[in-house]
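What follows is a short report on a single structure.
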Amino acid sequence: MPANSPGTEQAVFIADLWQWAWVAALITGAVVWGLIFWVIFAYHRRSDDEIPVQTRYNLPLEIFYTIAPIMMIVVLFHATVTTQNKVLDQVDNPDRTIEVVGQQWSWTFNYSSDRDVTGGQVAYTAGTASHIPTLVLPVNETIEFKLSSPDVIHSFWIPGFLMKMDVIPGQHGEDRNSFQVTPTKEGTFKGKCAELCGVYHSRMLFDVQVVSASAYESYLKELEAKGYVADEPLLGGSDAYTQAGLEEAENETHGGTE
C-alpha cells in the first residue's frame, strides 16, 4: 500500500477490506499449519514400527472441511460487494467534474465543471509520450471522473487512492465509466495506466496534486492565462493533444533511453 494511502474517503473502505482479508488469511494459515504440525507430531510412526491408526470416512470432519471454506467465501464475498457498493456510490451533484481522456500514450484532463472560473471555457491539461501531465484536485471536495478513450482500453489508476477503473473506447456521454472520490489530504500522488495498451504503455504516467480550494482555482486561472482552454472538453481523436511525441526515436523512453 502506498505510503500516502488511503488518500480519499472511499479508499478507507478498500484499505479496511484489504487489511481484514489479510487477517483472515493469516488466521486460516495459522489453523492449517497448526493442524499439519499437530498431525505430524501426534501421529508419526512410533519406534515399535506399528502403523498409526488410519482414519477414513470421518463424517463430521468431512462436513467441517466442506462447510468451513464455503462460509469463508460467503463472508469475503459479502465484504467485497459491500465495499464495492460504497466505493462506487455517487452523489447527484459532485463538487467538481473532470473528464479524463486516456489516449495512446498519455492523458488529457478536462476541468469541465469549472467554466465559471475560466470565463465559460474548459481548462485542460494535456500530456504527451515525453511529458507527464499533472492532475490537480481540491481537497475535501467530491470529484467525479468521467473516463473516455478514442482508441483502445486504458485503465485510470491512482495507487494512493486505492482505486482504478477501465477507460473504454466507444462509450459516450453518461454511458462512460465514471467514479467519484473525495481527497482527504493535500499532497502529491502518482498515477498511471494499468492496462497494457500498446508499445508506449509504460509512458502513460501522470502526477496528482491535491491542493486547497483556493490553490485549485488559482491553477485553473493559470491554465487560462497560458491558453490551455477550449470551448468544449477535449475527448480524444482529432481534438486531443495526447498523441504528440510519437515521432520520437523508437529506443527513447521517458526520462532516458533504453
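Labels used: A, B, ... for chains in the order of the C-alpha cells, numbers from 1 for residues in each chain, and numbers from 1 for ligands as shown.
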
>> I want to know what sits within 8 Å of range 2-17 of chain A, based on only C-alpha atoms, with residues of the same chain fewer than 5 positions away left out; could you give that as a ChimeraX atom specification?
In response: /A:79-80,83,86-87,159-163,181-185,189

>> Give me the residues near Thr108 in chain A as a VMD selection string, where near means some atom within 7 Å (using only C-alpha atoms) and where sequence neighbours in that chain fewer than 3 positions away do not count.
In response: chain A and resid 100 to 102 124 to 127 242

Take the residues from that selection and put them in a file with C-alpha atoms, as an mmCIF file, in the first residue's frame.
data_model
loop_
_atom_site.group_PDB
_atom_site.id
_atom_site.type_symbol
_atom_site.label_atom_id
_atom_site.label_comp_id
_atom_site.auth_asym_id
_atom_site.auth_seq_id
_atom_site.Cartn_x
_atom_site.Cartn_y
_atom_site.Cartn_z
ATOM 1 C CA VAL A 100 -10.330 12.144 -18.291
ATOM 2 C CA VAL A 101 -9.076 11.007 -21.684
ATOM 3 C CA GLY A 102 -6.707 8.068 -21.932
ATOM 4 C CA TYR A 124 -7.383 21.348 -19.616
ATOM 5 C CA THR A 125 -4.005 19.727 -19.059
ATOM 6 C CA ALA A 126 -2.566 17.507 -21.777
ATOM 7 C CA GLY A 127 0.414 15.194 -21.658
ATOM 8 C CA THR A 242 -2.124 13.386 -26.093
#

For range 121-184 of chain A versus range 198-202 of chain A, which residues have an atom no more than 12 Å away, and what is each residue's nearest atom pair and distance in Å rounded to one decimal, using only C-alpha atoms, chain-then-number order, as JSON lines?
{"residue": "A:Thr128", "atom": "CA", "partner": "A:Tyr200", "partner_atom": "CA", "distance": 10.7}
{"residue": "A:Ala129", "atom": "CA", "partner": "A:Tyr200", "partner_atom": "CA", "distance": 7.4}
{"residue": "A:Ser130", "atom": "CA", "partner": "A:Tyr200", "partner_atom": "CA", "distance": 10.1}
{"residue": "A:Ile132", "atom": "CA", "partner": "A:Ser202", "partner_atom": "CA", "distance": 11.5}
{"residue": "A:Asp151", "atom": "CA", "partner": "A:Gly198", "partner_atom": "CA", "distance": 10.5}
{"residue": "A:Val152", "atom": "CA", "partner": "A:Gly198", "partner_atom": "CA", "distance": 8.6}
{"residue": "A:Ile153", "atom": "CA", "partner": "A:Gly198", "partner_atom": "CA", "distance": 9.9}
{"residue": "A:His154", "atom": "CA", "partner": "A:His201", "partner_atom": "CA", "distance": 9.0}
{"residue": "A:Ser155", "atom": "CA", "partner": "A:His201", "partner_atom": "CA", "distance": 10.6}

Those residues with C-alpha atoms, as an mmCIF file, in the first residue's frame please?
data_model
loop_
_atom_site.group_PDB
_atom_site.id
_atom_site.type_symbol
_atom_site.label_atom_id
_atom_site.label_comp_id
_atom_site.auth_asym_id
_atom_site.auth_seq_id
_atom_site.Cartn_x
_atom_site.Cartn_y
_atom_site.Cartn_z
ATOM 1 C CA THR A 128 2.472 13.635 -24.397
ATOM 2 C CA ALA A 129 4.543 10.493 -24.704
ATOM 3 C CA SER A 130 7.514 12.536 -23.465
ATOM 4 C CA ILE A 132 3.973 13.704 -17.824
ATOM 5 C CA ASP A 151 -8.500 4.207 -29.353
ATOM 6 C CA VAL A 152 -8.020 1.192 -27.057
ATOM 7 C CA ILE A 153 -8.815 0.195 -23.470
ATOM 8 C CA HIS A 154 -6.754 2.045 -20.886
ATOM 9 C CA SER A 155 -7.053 1.979 -17.091
#

DSSP-assigned alpha helix (DSSP H) among range 170-249 of chain A, expressed as a PDB file with N, CA and C atoms, in the first residue's frame:
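Contents of selection25.pdb, as written:
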ATOM      1  N   ALA A 213      -8.781  24.553  -1.982  1.00  0.00           N
ATOM      2  CA  ALA A 213      -9.737  25.033  -2.978  1.00  0.00           C
ATOM      3  C   ALA A 213      -9.247  26.314  -3.642  1.00  0.00           C
ATOM      4  N   SER A 214      -8.648  27.210  -2.868  1.00  0.00           N
ATOM      5  CA  SER A 214      -8.147  28.461  -3.444  1.00  0.00           C
ATOM      6  C   SER A 214      -6.985  28.214  -4.396  1.00  0.00           C
ATOM      7  N   ALA A 215      -6.092  27.291  -4.034  1.00  0.00           N
ATOM      8  CA  ALA A 215      -4.967  26.951  -4.913  1.00  0.00           C
ATOM      9  C   ALA A 215      -5.468  26.273  -6.182  1.00  0.00           C
ATOM     10  N   TYR A 216      -6.528  25.484  -6.064  1.00  0.00           N
ATOM     11  CA  TYR A 216      -7.112  24.815  -7.231  1.00  0.00           C
ATOM     12  C   TYR A 216      -7.644  25.846  -8.226  1.00  0.00           C
ATOM     13  N   GLU A 217      -8.394  26.838  -7.736  1.00  0.00           N
ATOM     14  CA  GLU A 217      -8.949  27.839  -8.637  1.00  0.00           C
ATOM     15  C   GLU A 217      -7.844  28.725  -9.225  1.00  0.00           C
ATOM     16  N   SER A 218      -6.808  28.955  -8.457  1.00  0.00           N
ATOM     17  CA  SER A 218      -5.661  29.711  -8.997  1.00  0.00           C
ATOM     18  C   SER A 218      -4.991  28.936 -10.120  1.00  0.00           C
ATOM     19  N   TYR A 219      -4.935  27.619  -9.975  1.00  0.00           N
ATOM     20  CA  TYR A 219      -4.336  26.787 -11.014  1.00  0.00           C
ATOM     21  C   TYR A 219      -5.152  26.869 -12.308  1.00  0.00           C
ATOM     22  N   LEU A 220      -6.486  26.841 -12.185  1.00  0.00           N
ATOM     23  CA  LEU A 220      -7.328  26.954 -13.375  1.00  0.00           C
ATOM     24  C   LEU A 220      -7.125  28.299 -14.059  1.00  0.00           C
ATOM     25  N   LYS A 221      -6.995  29.360 -13.266  1.00  0.00           N
ATOM     26  CA  LYS A 221      -6.729  30.675 -13.833  1.00  0.00           C
ATOM     27  C   LYS A 221      -5.373  30.701 -14.549  1.00  0.00           C
ATOM     28  N   GLU A 222      -4.414  29.982 -13.986  1.00  0.00           N
ATOM     29  CA  GLU A 222      -3.093  29.911 -14.609  1.00  0.00           C
ATOM     30  C   GLU A 222      -3.175  29.199 -15.955  1.00  0.00           C
ATOM     31  N   LEU A 223      -3.957  28.107 -16.028  1.00  0.00           N
ATOM     32  CA  LEU A 223      -4.141  27.422 -17.306  1.00  0.00           C
ATOM     33  C   LEU A 223      -4.794  28.342 -18.329  1.00  0.00           C
ATOM     34  N   GLU A 224      -5.777  29.117 -17.874  1.00  0.00           N
ATOM     35  CA  GLU A 224      -6.453  30.052 -18.779  1.00  0.00           C
ATOM     36  C   GLU A 224      -5.471  31.090 -19.302  1.00  0.00           C
ATOM     37  N   ALA A 225      -4.623  31.608 -18.419  1.00  0.00           N
ATOM     38  CA  ALA A 225      -3.657  32.630 -18.829  1.00  0.00           C
ATOM     39  C   ALA A 225      -2.666  32.090 -19.854  1.00  0.00           C
TER      40      ALA A 225
END

> Out of range 76-168 of chain A, which residues get strand (DSSP E or B) from DSSP, as number ranges by chain?
Replying inline: A: 96-103, 106-111, 122-126, 128, 131, 134-138, 143-149, 154-158, 163-167
